[in-house]
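Engineer: Before anything else, here's the structure in question.
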Amino acid sequence: MHAFIQGLILGLLTAGVYALMASGQTLIFGIMNVINLAQGAMVILSAYISYQLFKSFGIDPFLAIPIVTVGMFVIGVAVQLLFLRPLKREDRAELSLLVTFAIALLIEGIMSITWKTNYRSINTSYANSSWTVFGYQITLVRLWACVLSLVALGLLYVLLNKTRFGRAVRATVQNPESARLLGVESDRVAALGFGLGSATAAAAGSVYGLLYAFYPGSHYDLISLLLSIVVLGGLGSIGGAMVGAVVVSTSSAIVASTISPAWSAMTFFVILIVVLVVRPRGLFGSTARGAI
């Protein structure tokens with residue numbers, strides 16, 4: 001029972017970071033009907049930038065978040081304008097898979113040239129610090145990363161539900177044609193939305209190196225995890241992405257702590273298959289284009 005509860009605590013603390021990564025993925029799909037295969041690469045690129053800021057200038061990864069987030073927002077907008085906007089609307093869903101995968105390979109190549117292919121991690125003075133509560137270990141890095149992610153998700157909720165831009169995003173998600181007829185500039189919303197999705201990847205990626213060792217090819221495992229989360233929760237649903245992150249993270253951590261770490265990577269795939277057999281649209285998916 002002790003191992004089960006310890007795994008549950010670990011999974012819940014990690015779930016916030018996964019939810020933040022996946023929220024950007026599902027936001028981009030909801031706005032543009034694009035599955036961004038470069039999301040994982042953007043997370044790892046953000047981790048490298050955070051690593052370099054810490055190594056060269058001593059900037060703490062948590063303090064580096066605004067810098068990395070703004071930079072990745074700009075990169076995300078540029079990617080949408082240069083590579084995705086020129087695609088024909090009727091072919092965008094299919095061609096975007098190839099385009100975003102090519103972007104992921106490009107980012108991987110840049111990271112390999114710049115930082116080589118060795119594993120890196122961000123080792124701060126508090127990286128291994130933890131609290132013991134009733135006999136259970138709570139690592140400070142995961143706790144603060146989870147708090148940060150919840151704050152960022154809260155800000156994203158406010159942005160999408162309390163601002164004019166958010167209303168334009170939700171209108172575009174629910175019915176793009178009607179949104180255009182009502183004067184919503186869908187191209188502008190798509191560019192800013194892709195940038196916002198990249199910014200969420202950056203916020204999570206800034207502290208990713210505190211949690212895990214990484215190298216340029218880490219994005220392959222990461223994108224498979226993120227796709228599993230958004231499909232499990234329902235494509236286009238940010239709430240579904242959050243629930244999916246909790247299910248995937250806690251189940252993997254519990255299996256790793258109670259059975260074997262070798263089986264943890266298979267856990268979320270098994271859960272995903274079971275859920276999709278019962279509910280093909282995912283937990284919170286809908287027949288409409290989006291569910292934000």
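Residues are referred to by chain and number: the chain letter is A, B, ... according to the order shown in the structure tokens, the number counts from 1 in that chain, and ligands are numbered separately from 1 in the order shown.
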Would you write out, as a Markdown table, a table of all residues in region 164-213 of chain A that have an atom no more than 10 Å from an atom of region 83-99 of chain A, listing for each the closest atom pair and the distance in Å to one decimal, considering only C-alpha atoms and ordering rows by chain and rising residue number?
Structural biologist:
```
| residue | atom | partner | partner_atom | distance |
| --- | --- | --- | --- | --- |
| A:Asp187 | CA | A:Arg85 | CA | 7.6 |
| A:Ala190 | CA | A:Arg85 | CA | 8.6 |
| A:Ala191 | CA | A:Arg85 | CA | 8.3 |
| A:Phe194 | CA | A:Leu84 | CA | 9.9 |
```
Engineer: With C-alpha atoms kept, could you save the residues just selected as a PDB file, in the first residue's frame?
Structural biologist:
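Done, and the output landed in result16.pdb:
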```pdb
ATOM      1  CA  ASP A 187      -5.998  33.517 -39.855  1.00  0.00           C
ATOM      2  CA  ALA A 190      -4.806  30.600 -35.909  1.00  0.00           C
ATOM      3  CA  ALA A 191      -1.393  32.297 -35.755  1.00  0.00           C
ATOM      4  CA  PHE A 194      -0.428  28.249 -32.515  1.00  0.00           C
TER       5      PHE A 194
END
```
Engineer: How would you write, as a CSV table (one decimal) with N, CA and C atoms, in the first residue's frame, the set of residues in region 29-227 of chain A that DSSP gives as helix (DSSP H, G or I)?
Structural biologist:
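Dumped to part_15.csv:
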```
chain,number,residue,atom,x,y,z
A,29,PHE,N,-5.1,21.9,-32.1
A,29,PHE,CA,-6.1,21.1,-32.9
A,29,PHE,C,-7.5,21.7,-32.9
A,30,GLY,N,-7.9,22.2,-31.8
A,30,GLY,CA,-9.2,22.8,-31.8
A,30,GLY,C,-9.4,24.0,-32.7
A,31,ILE,N,-8.3,24.9,-32.7
A,31,ILE,CA,-8.4,26.1,-33.6
A,31,ILE,C,-8.2,25.8,-35.0
A,32,MET,N,-7.2,24.9,-35.4
A,32,MET,CA,-6.7,24.8,-36.7
A,32,MET,C,-7.0,23.4,-37.3
A,39,GLN,N,5.1,19.4,-31.2
A,39,GLN,CA,4.9,19.9,-29.9
A,39,GLN,C,6.0,19.3,-28.9
A,40,GLY,N,6.2,18.0,-29.0
A,40,GLY,CA,7.3,17.4,-28.2
A,40,GLY,C,8.6,18.0,-28.4
A,41,ALA,N,9.0,18.3,-29.7
A,41,ALA,CA,10.3,18.9,-30.0
A,41,ALA,C,10.4,20.3,-29.4
A,42,MET,N,9.2,21.0,-29.4
A,42,MET,CA,9.2,22.3,-28.8
A,42,MET,C,9.4,22.3,-27.3
A,43,VAL,N,8.9,21.3,-26.7
A,43,VAL,CA,9.1,21.1,-25.2
A,43,VAL,C,10.6,20.9,-25.0
A,44,ILE,N,11.2,20.0,-25.7
A,44,ILE,CA,12.6,19.7,-25.5
A,44,ILE,C,13.5,20.9,-25.9
A,45,LEU,N,13.2,21.6,-26.9
A,45,LEU,CA,13.9,22.8,-27.3
A,45,LEU,C,13.8,23.8,-26.1
A,46,SER,N,12.7,24.0,-25.5
A,46,SER,CA,12.5,24.9,-24.4
A,46,SER,C,13.4,24.4,-23.2
A,47,ALA,N,13.4,23.1,-23.0
A,47,ALA,CA,14.3,22.5,-22.0
A,47,ALA,C,15.8,22.9,-22.2
A,48,TYR,N,16.2,22.8,-23.4
A,48,TYR,CA,17.6,23.1,-23.8
A,48,TYR,C,17.8,24.6,-23.6
A,49,ILE,N,16.9,25.4,-23.9
A,49,ILE,CA,17.1,26.9,-23.7
A,49,ILE,C,17.2,27.2,-22.3
A,50,SER,N,16.3,26.6,-21.5
A,50,SER,CA,16.3,26.8,-20.0
A,50,SER,C,17.7,26.3,-19.4
A,51,TYR,N,18.1,25.1,-19.9
A,51,TYR,CA,19.4,24.6,-19.5
A,51,TYR,C,20.5,25.6,-19.8
A,52,GLN,N,20.5,26.1,-21.0
A,52,GLN,CA,21.6,27.1,-21.4
A,52,GLN,C,21.6,28.3,-20.6
A,53,LEU,N,20.4,28.8,-20.3
A,53,LEU,CA,20.3,30.1,-19.5
A,53,LEU,C,20.8,29.8,-18.1
A,54,PHE,N,20.5,28.6,-17.6
A,54,PHE,CA,21.0,28.3,-16.3
A,54,PHE,C,22.5,28.1,-16.3
A,55,LYS,N,23.1,27.4,-17.3
A,55,LYS,CA,24.5,27.1,-17.4
A,55,LYS,C,25.3,28.4,-17.6
A,56,SER,N,24.8,29.2,-18.5
A,56,SER,CA,25.6,30.4,-19.0
A,56,SER,C,25.4,31.6,-18.1
A,57,PHE,N,24.2,31.8,-17.6
A,57,PHE,CA,23.9,33.1,-16.8
A,57,PHE,C,23.4,32.8,-15.4
A,65,ILE,N,11.2,31.0,-17.1
A,65,ILE,CA,9.9,30.6,-17.8
A,65,ILE,C,9.4,31.8,-18.7
A,66,PRO,N,9.4,33.0,-18.2
A,66,PRO,CA,8.9,34.1,-19.0
A,66,PRO,C,9.7,34.3,-20.3
A,67,ILE,N,11.0,34.2,-20.1
A,67,ILE,CA,11.9,34.4,-21.3
A,67,ILE,C,11.7,33.3,-22.3
A,68,VAL,N,11.6,32.1,-21.9
A,68,VAL,CA,11.5,30.9,-22.8
A,68,VAL,C,10.1,31.0,-23.4
A,69,THR,N,9.1,31.3,-22.6
A,69,THR,CA,7.7,31.3,-23.1
A,69,THR,C,7.5,32.4,-24.2
A,70,VAL,N,8.0,33.5,-24.0
A,70,VAL,CA,7.9,34.6,-25.0
A,70,VAL,C,8.6,34.2,-26.3
A,71,GLY,N,9.8,33.6,-26.2
A,71,GLY,CA,10.6,33.2,-27.3
A,71,GLY,C,9.9,32.1,-28.1
A,72,MET,N,9.3,31.1,-27.4
A,72,MET,CA,8.6,30.0,-28.1
A,72,MET,C,7.3,30.5,-28.7
A,73,PHE,N,6.6,31.5,-28.1
A,73,PHE,CA,5.4,32.1,-28.7
A,73,PHE,C,5.7,32.7,-30.0
A,74,VAL,N,6.8,33.4,-30.1
A,74,VAL,CA,7.2,34.0,-31.4
A,74,VAL,C,7.5,33.0,-32.4
A,75,ILE,N,8.3,31.9,-32.0
A,75,ILE,CA,8.6,30.8,-32.9
A,75,ILE,C,7.3,30.1,-33.4
A,76,GLY,N,6.4,29.9,-32.5
A,76,GLY,CA,5.1,29.3,-32.9
A,76,GLY,C,4.3,30.1,-33.9
A,77,VAL,N,4.3,31.4,-33.7
A,77,VAL,CA,3.6,32.3,-34.6
A,77,VAL,C,4.3,32.2,-36.0
A,78,ALA,N,5.6,32.2,-36.0
A,78,ALA,CA,6.4,32.2,-37.2
A,78,ALA,C,6.2,30.8,-38.0
A,79,VAL,N,6.1,29.7,-37.2
A,79,VAL,CA,5.9,28.4,-37.8
A,79,VAL,C,4.5,28.4,-38.5
A,80,GLN,N,3.5,28.9,-37.8
A,80,GLN,CA,2.2,28.9,-38.4
A,80,GLN,C,2.1,29.8,-39.7
A,81,LEU,N,2.7,31.0,-39.6
A,81,LEU,CA,2.7,31.9,-40.8
A,81,LEU,C,3.5,31.3,-42.0
A,82,LEU,N,4.6,30.7,-41.7
A,82,LEU,CA,5.5,30.3,-42.8
A,82,LEU,C,5.2,28.9,-43.4
A,83,PHE,N,4.8,28.0,-42.5
A,83,PHE,CA,4.6,26.6,-43.0
A,83,PHE,C,3.2,26.1,-43.0
A,84,LEU,N,2.3,26.6,-42.2
A,84,LEU,CA,1.0,26.0,-42.1
A,84,LEU,C,-0.1,26.9,-42.8
A,89,ARG,N,-6.8,25.0,-47.3
A,89,ARG,CA,-7.7,24.7,-46.2
A,89,ARG,C,-8.2,23.3,-46.2
A,90,GLU,N,-8.6,22.8,-47.4
A,90,GLU,CA,-9.2,21.5,-47.6
A,90,GLU,C,-8.2,20.3,-47.4
A,91,ASP,N,-6.9,20.6,-47.5
A,91,ASP,CA,-5.8,19.6,-47.4
A,91,ASP,C,-5.0,19.8,-46.1
A,92,ARG,N,-5.4,20.8,-45.3
A,92,ARG,CA,-4.5,21.2,-44.2
A,92,ARG,C,-4.4,20.1,-43.1
A,93,ALA,N,-5.5,19.4,-42.8
A,93,ALA,CA,-5.5,18.4,-41.8
A,93,ALA,C,-4.5,17.3,-42.1
A,94,GLU,N,-4.4,16.8,-43.4
A,94,GLU,CA,-3.5,15.8,-43.8
A,94,GLU,C,-2.1,16.3,-43.9
A,95,LEU,N,-1.9,17.4,-44.7
A,95,LEU,CA,-0.6,17.8,-45.0
A,95,LEU,C,0.1,18.4,-43.7
A,96,SER,N,-0.6,18.9,-42.7
A,96,SER,CA,0.0,19.4,-41.5
A,96,SER,C,0.7,18.3,-40.8
A,97,LEU,N,0.3,17.1,-40.9
A,97,LEU,CA,1.0,16.0,-40.2
A,97,LEU,C,2.5,15.9,-40.7
A,98,LEU,N,2.6,16.0,-42.1
A,98,LEU,CA,3.9,15.9,-42.7
A,98,LEU,C,4.7,17.2,-42.4
A,99,VAL,N,4.1,18.3,-42.4
A,99,VAL,CA,4.8,19.6,-42.2
A,99,VAL,C,5.3,19.7,-40.7
A,100,THR,N,4.4,19.4,-39.8
A,100,THR,CA,4.8,19.5,-38.4
A,100,THR,C,5.9,18.4,-38.0
A,101,PHE,N,5.8,17.2,-38.6
A,101,PHE,CA,6.8,16.2,-38.4
A,101,PHE,C,8.2,16.7,-39.0
A,102,ALA,N,8.1,17.3,-40.1
A,102,ALA,CA,9.4,17.9,-40.7
A,102,ALA,C,9.9,19.0,-39.8
A,103,ILE,N,9.1,19.8,-39.2
A,103,ILE,CA,9.5,20.8,-38.3
A,103,ILE,C,10.2,20.2,-37.1
A,104,ALA,N,9.6,19.1,-36.6
A,104,ALA,CA,10.1,18.4,-35.4
A,104,ALA,C,11.5,17.9,-35.8
A,105,LEU,N,11.7,17.3,-37.0
A,105,LEU,CA,13.0,16.8,-37.4
A,105,LEU,C,14.0,18.0,-37.5
A,106,LEU,N,13.5,19.1,-38.0
A,106,LEU,CA,14.4,20.3,-38.1
A,106,LEU,C,14.9,20.8,-36.8
A,107,ILE,N,13.9,20.9,-35.8
A,107,ILE,CA,14.3,21.3,-34.5
A,107,ILE,C,15.3,20.3,-33.8
A,108,GLU,N,15.0,19.0,-34.1
A,108,GLU,CA,15.9,18.0,-33.5
A,108,GLU,C,17.4,18.2,-34.1
A,109,GLY,N,17.4,18.4,-35.4
A,109,GLY,CA,18.7,18.7,-36.0
A,109,GLY,C,19.5,19.9,-35.5
A,110,ILE,N,18.7,21.0,-35.2
A,110,ILE,CA,19.3,22.2,-34.7
A,110,ILE,C,19.8,21.9,-33.3
A,111,MET,N,19.0,21.2,-32.5
A,111,MET,CA,19.4,20.8,-31.1
A,111,MET,C,20.7,19.9,-31.1
A,112,SER,N,20.7,19.0,-32.0
A,112,SER,CA,21.9,18.1,-32.1
A,112,SER,C,23.2,18.8,-32.5
A,113,ILE,N,23.0,19.8,-33.4
A,113,ILE,CA,24.2,20.5,-33.8
A,113,ILE,C,24.7,21.5,-32.6
A,114,THR,N,23.7,22.1,-32.0
A,114,THR,CA,24.0,23.1,-31.0
A,114,THR,C,24.5,22.5,-29.7
A,115,TRP,N,23.8,21.4,-29.2
A,115,TRP,CA,24.1,20.9,-27.9
A,115,TRP,C,24.6,19.4,-28.0
A,140,LEU,N,10.5,18.6,-4.0
A,140,LEU,CA,10.1,20.0,-4.2
A,140,LEU,C,10.0,20.4,-5.6
A,141,VAL,N,10.9,19.9,-6.5
A,141,VAL,CA,10.8,20.3,-7.9
A,141,VAL,C,9.5,19.9,-8.5
A,142,ARG,N,9.0,18.7,-8.2
A,142,ARG,CA,7.7,18.2,-8.8
A,142,ARG,C,6.6,19.0,-8.2
A,143,LEU,N,6.7,19.3,-6.9
A,143,LEU,CA,5.6,20.1,-6.3
A,143,LEU,C,5.5,21.5,-6.9
A,144,TRP,N,6.6,22.2,-7.0
A,144,TRP,CA,6.6,23.5,-7.6
A,144,TRP,C,6.3,23.5,-9.1
A,145,ALA,N,6.7,22.5,-9.8
A,145,ALA,CA,6.4,22.3,-11.2
A,145,ALA,C,4.9,22.1,-11.4
A,146,CYS,N,4.3,21.4,-10.5
A,146,CYS,CA,2.8,21.1,-10.5
A,146,CYS,C,2.1,22.4,-10.2
A,147,VAL,N,2.5,23.2,-9.2
A,147,VAL,CA,1.9,24.4,-8.9
A,147,VAL,C,2.0,25.4,-10.0
A,148,LEU,N,3.1,25.5,-10.6
A,148,LEU,CA,3.3,26.4,-11.8
A,148,LEU,C,2.4,26.0,-12.9
A,149,SER,N,2.3,24.7,-13.2
A,149,SER,CA,1.4,24.3,-14.3
A,149,SER,C,0.0,24.6,-14.0
A,150,LEU,N,-0.5,24.4,-12.8
A,150,LEU,CA,-1.9,24.7,-12.4
A,150,LEU,C,-2.1,26.2,-12.6
A,151,VAL,N,-1.2,27.1,-12.2
A,151,VAL,CA,-1.3,28.5,-12.4
A,151,VAL,C,-1.4,28.9,-13.8
A,152,ALA,N,-0.5,28.3,-14.7
A,152,ALA,CA,-0.5,28.5,-16.1
A,152,ALA,C,-1.8,28.1,-16.7
A,153,LEU,N,-2.3,26.9,-16.3
A,153,LEU,CA,-3.6,26.4,-16.9
A,153,LEU,C,-4.8,27.3,-16.4
A,154,GLY,N,-4.7,27.9,-15.2
A,154,GLY,CA,-5.7,28.8,-14.8
A,154,GLY,C,-5.7,30.1,-15.6
A,155,LEU,N,-4.5,30.6,-15.9
A,155,LEU,CA,-4.3,31.8,-16.8
A,155,LEU,C,-4.9,31.5,-18.2
A,156,LEU,N,-4.6,30.3,-18.7
A,156,LEU,CA,-5.1,29.9,-20.0
A,156,LEU,C,-6.6,29.9,-20.0
A,157,TYR,N,-7.2,29.4,-18.9
A,157,TYR,CA,-8.7,29.3,-18.8
A,157,TYR,C,-9.2,30.8,-18.8
A,158,VAL,N,-8.6,31.7,-18.0
A,158,VAL,CA,-9.1,33.1,-18.0
A,158,VAL,C,-9.0,33.7,-19.4
A,159,LEU,N,-7.9,33.4,-20.1
A,159,LEU,CA,-7.7,34.0,-21.4
A,159,LEU,C,-8.7,33.5,-22.4
A,160,LEU,N,-9.1,32.2,-22.3
A,160,LEU,CA,-10.0,31.6,-23.2
A,160,LEU,C,-11.5,32.0,-22.9
A,161,ASN,N,-11.8,32.3,-21.7
A,161,ASN,CA,-13.1,32.5,-21.2
A,161,ASN,C,-13.5,33.9,-20.8
A,162,LYS,N,-12.5,34.7,-20.6
A,162,LYS,CA,-12.8,36.1,-20.1
A,162,LYS,C,-12.3,37.2,-21.0
A,164,ARG,N,-11.7,38.9,-25.2
A,164,ARG,CA,-12.2,39.0,-26.5
A,164,ARG,C,-11.5,38.0,-27.4
A,165,PHE,N,-10.2,37.9,-27.2
A,165,PHE,CA,-9.4,36.9,-28.0
A,165,PHE,C,-9.9,35.5,-27.7
A,166,GLY,N,-10.2,35.2,-26.4
A,166,GLY,CA,-10.7,33.9,-26.0
A,166,GLY,C,-12.0,33.6,-26.7
A,167,ARG,N,-12.9,34.6,-26.8
A,167,ARG,CA,-14.2,34.4,-27.4
A,167,ARG,C,-14.0,34.1,-28.9
A,168,ALA,N,-13.0,34.7,-29.5
A,168,ALA,CA,-12.8,34.5,-30.9
A,168,ALA,C,-12.2,33.1,-31.1
A,169,VAL,N,-11.4,32.6,-30.2
A,169,VAL,CA,-10.8,31.3,-30.2
A,169,VAL,C,-11.9,30.3,-30.1
A,170,ARG,N,-12.8,30.4,-29.1
A,170,ARG,CA,-13.9,29.5,-28.9
A,170,ARG,C,-14.9,29.4,-30.1
A,171,ALA,N,-15.1,30.6,-30.7
A,171,ALA,CA,-16.0,30.7,-31.8
A,171,ALA,C,-15.4,29.9,-33.0
A,172,THR,N,-14.1,30.1,-33.2
A,172,THR,CA,-13.4,29.4,-34.3
A,172,THR,C,-13.4,27.9,-34.1
A,173,VAL,N,-13.2,27.5,-32.8
A,173,VAL,CA,-13.2,26.0,-32.5
A,173,VAL,C,-14.6,25.4,-32.8
A,174,GLN,N,-15.6,26.1,-32.3
A,174,GLN,CA,-17.0,25.5,-32.4
A,174,GLN,C,-17.5,25.5,-33.8
A,176,PRO,N,-15.9,27.3,-37.4
A,176,PRO,CA,-15.0,28.2,-38.1
A,176,PRO,C,-15.7,29.1,-39.2
A,177,GLU,N,-16.6,28.5,-39.9
A,177,GLU,CA,-17.3,29.2,-41.0
A,177,GLU,C,-18.1,30.3,-40.4
A,178,SER,N,-18.9,30.0,-39.4
A,178,SER,CA,-19.8,31.0,-38.7
A,178,SER,C,-18.9,32.1,-38.1
A,179,ALA,N,-17.8,31.7,-37.5
A,179,ALA,CA,-16.9,32.7,-36.9
A,179,ALA,C,-16.4,33.7,-37.9
A,180,ARG,N,-16.1,33.2,-39.1
A,180,ARG,CA,-15.6,34.1,-40.2
A,180,ARG,C,-16.7,35.1,-40.6
A,181,LEU,N,-17.9,34.5,-40.7
A,181,LEU,CA,-19.1,35.4,-41.1
A,181,LEU,C,-19.4,36.5,-40.1
A,186,SER,N,-9.9,34.6,-38.8
A,186,SER,CA,-9.5,33.2,-38.4
A,186,SER,C,-8.0,33.0,-38.6
A,187,ASP,N,-7.4,33.7,-39.6
A,187,ASP,CA,-6.0,33.5,-39.9
A,187,ASP,C,-5.2,34.1,-38.7
A,188,ARG,N,-5.6,35.2,-38.2
A,188,ARG,CA,-5.0,35.9,-37.1
A,188,ARG,C,-5.1,35.0,-35.8
A,189,VAL,N,-6.3,34.5,-35.6
A,189,VAL,CA,-6.6,33.6,-34.4
A,189,VAL,C,-5.7,32.4,-34.5
A,190,ALA,N,-5.6,31.8,-35.7
A,190,ALA,CA,-4.8,30.6,-35.9
A,190,ALA,C,-3.3,30.9,-35.6
A,191,ALA,N,-2.8,32.0,-36.0
A,191,ALA,CA,-1.4,32.3,-35.8
A,191,ALA,C,-1.2,32.5,-34.3
A,192,LEU,N,-2.0,33.3,-33.6
A,192,LEU,CA,-1.9,33.5,-32.2
A,192,LEU,C,-2.1,32.3,-31.4
A,193,GLY,N,-3.1,31.5,-31.9
A,193,GLY,CA,-3.4,30.2,-31.2
A,193,GLY,C,-2.2,29.2,-31.2
A,194,PHE,N,-1.6,29.1,-32.4
A,194,PHE,CA,-0.4,28.2,-32.5
A,194,PHE,C,0.7,28.8,-31.6
A,195,GLY,N,0.9,30.1,-31.6
A,195,GLY,CA,1.9,30.6,-30.7
A,195,GLY,C,1.6,30.3,-29.2
A,196,LEU,N,0.3,30.4,-28.9
A,196,LEU,CA,-0.1,30.2,-27.5
A,196,LEU,C,0.1,28.7,-27.2
A,197,GLY,N,-0.2,27.8,-28.1
A,197,GLY,CA,0.1,26.4,-27.9
A,197,GLY,C,1.6,26.1,-27.7
A,198,SER,N,2.4,26.8,-28.5
A,198,SER,CA,3.9,26.7,-28.3
A,198,SER,C,4.3,27.2,-27.0
A,199,ALA,N,3.7,28.3,-26.5
A,199,ALA,CA,4.1,28.9,-25.3
A,199,ALA,C,3.8,28.0,-24.1
A,200,THR,N,2.7,27.2,-24.1
A,200,THR,CA,2.4,26.3,-23.1
A,200,THR,C,3.5,25.2,-23.1
A,201,ALA,N,3.9,24.8,-24.3
A,201,ALA,CA,5.0,23.8,-24.3
A,201,ALA,C,6.3,24.4,-23.7
A,202,ALA,N,6.5,25.6,-23.9
A,202,ALA,CA,7.7,26.3,-23.4
A,202,ALA,C,7.7,26.4,-21.9
A,203,ALA,N,6.5,26.7,-21.3
A,203,ALA,CA,6.4,26.8,-19.9
A,203,ALA,C,6.6,25.5,-19.2
A,204,ALA,N,6.1,24.4,-19.8
A,204,ALA,CA,6.4,23.1,-19.2
A,204,ALA,C,7.8,22.6,-19.5
A,205,GLY,N,8.3,23.0,-20.7
A,205,GLY,CA,9.7,22.6,-21.1
A,205,GLY,C,10.8,23.2,-20.2
A,206,SER,N,10.5,24.4,-19.7
A,206,SER,CA,11.5,25.2,-18.9
A,206,SER,C,11.9,24.4,-17.7
A,207,VAL,N,10.9,23.6,-17.1
A,207,VAL,CA,11.2,22.9,-15.9
A,207,VAL,C,11.4,21.4,-16.2
A,208,TYR,N,11.2,21.0,-17.5
A,208,TYR,CA,11.3,19.6,-17.8
A,208,TYR,C,12.7,19.0,-17.5
A,209,GLY,N,13.7,19.8,-17.7
A,209,GLY,CA,15.1,19.3,-17.4
A,209,GLY,C,15.4,19.1,-15.9
A,210,LEU,N,14.5,19.7,-15.1
A,210,LEU,CA,14.7,19.5,-13.6
A,210,LEU,C,14.1,18.1,-13.3
A,211,LEU,N,13.1,17.6,-14.1
A,211,LEU,CA,12.4,16.4,-13.8
A,211,LEU,C,13.1,15.2,-14.4
A,218,SER,N,14.6,13.0,-27.5
A,218,SER,CA,13.6,12.7,-26.4
A,218,SER,C,12.2,13.1,-26.9
A,219,HIS,N,12.1,13.9,-27.9
A,219,HIS,CA,10.7,14.3,-28.3
A,219,HIS,C,9.9,13.2,-28.9
A,220,TYR,N,10.5,12.1,-29.4
A,220,TYR,CA,9.8,11.0,-30.0
A,220,TYR,C,8.9,10.3,-28.9
A,221,ASP,N,9.5,10.0,-27.8
A,221,ASP,CA,8.7,9.4,-26.7
A,221,ASP,C,7.7,10.4,-26.1
A,222,LEU,N,8.1,11.7,-26.1
A,222,LEU,CA,7.2,12.7,-25.5
A,222,LEU,C,6.0,13.0,-26.4
A,223,ILE,N,6.1,13.0,-27.7
A,223,ILE,CA,5.0,13.3,-28.5
A,223,ILE,C,4.0,12.1,-28.5
A,224,SER,N,4.5,10.9,-28.4
A,224,SER,CA,3.6,9.7,-28.2
A,224,SER,C,2.8,9.8,-27.0
A,225,LEU,N,3.4,10.3,-25.9
A,225,LEU,CA,2.7,10.4,-24.6
A,225,LEU,C,1.7,11.5,-24.7
A,226,LEU,N,2.0,12.7,-25.3
A,226,LEU,CA,1.1,13.8,-25.5
A,226,LEU,C,-0.1,13.4,-26.3
A,227,LEU,N,0.2,12.7,-27.4
A,227,LEU,CA,-0.9,12.3,-28.3
A,227,LEU,C,-1.9,11.3,-27.6
```
Engineer: Could you give me, as CSV, every region 128-238 of chain A residue with an atom at most 8 Å from region 271-277 of chain A, plus its closest atom pair and distance in Å to one decimal, counting only C-alpha atoms, rows ordered by chain then number?
Structural biologist:
```
residue,atom,partner,partner_atom,distance
A:Ser228,CA,A:Leu272,CA,6.7
A:Val231,CA,A:Leu272,CA,7.8
A:Leu232,CA,A:Leu272,CA,5.7
```
Engineer: As an exercise, work out the distance from CA of Arg281 (chain A) to CA of Val246 (chain A) in Å and give it to one decimal place.
Structural biologist: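 CA of Val246 (chain A) lies at a distance of 18.1 Å from CA of Arg281 (chain A).
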Engineer: Name the residues in contact with Phe284 (chain A) at a cut-off of 6 Å, using only C-alpha atoms, excluding same-chain residues fewer than 4 positions from it; report them as a ChimeraX atom specification.
Structural biologist: /A:233-234,240
Engineer: Would you put the residues from that selection into a file with N, CA and C atoms, as a CSV table (one decimal), in the first residue's frame?
Structural biologist:
```csv
chain,number,residue,atom,x,y,z
A,233,GLY,N,-8.3,12.1,-23.6
A,233,GLY,CA,-9.3,13.1,-23.1
A,233,GLY,C,-10.3,13.6,-24.1
A,234,GLY,N,-10.0,13.4,-25.4
A,234,GLY,CA,-10.9,13.9,-26.5
A,234,GLY,C,-10.2,15.1,-27.2
A,240,GLY,N,-10.5,17.8,-21.1
A,240,GLY,CA,-10.1,16.4,-21.3
A,240,GLY,C,-8.7,16.1,-21.3
```
Engineer: Measuring atom to atom with only C-alpha atoms, identify which of A:Val133, A:Val230, A:Ile138, A:Ile259 is nearest to Ile28 (chain A).
Structural biologist: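 Of the candidates, the smallest distance to Ile28 (chain A) is held by A:Val230.
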Engineer: Measuring atom to atom with only C-alpha atoms, identify which of A:Val243, A:Val255, A:Met266, A:Leu20 is nearest to Leu8 (chain A).
Structural biologist: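 Ranking A:Val243, A:Val255, A:Met266, A:Leu20 by distance to Leu8 (chain A), first place goes to A:Val255.
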Engineer: Find the distance between CA of Ser130 (chain A) and CA of Val248 (chain A) and write it in Å to one decimal.
Structural biologist: 23.5 Å
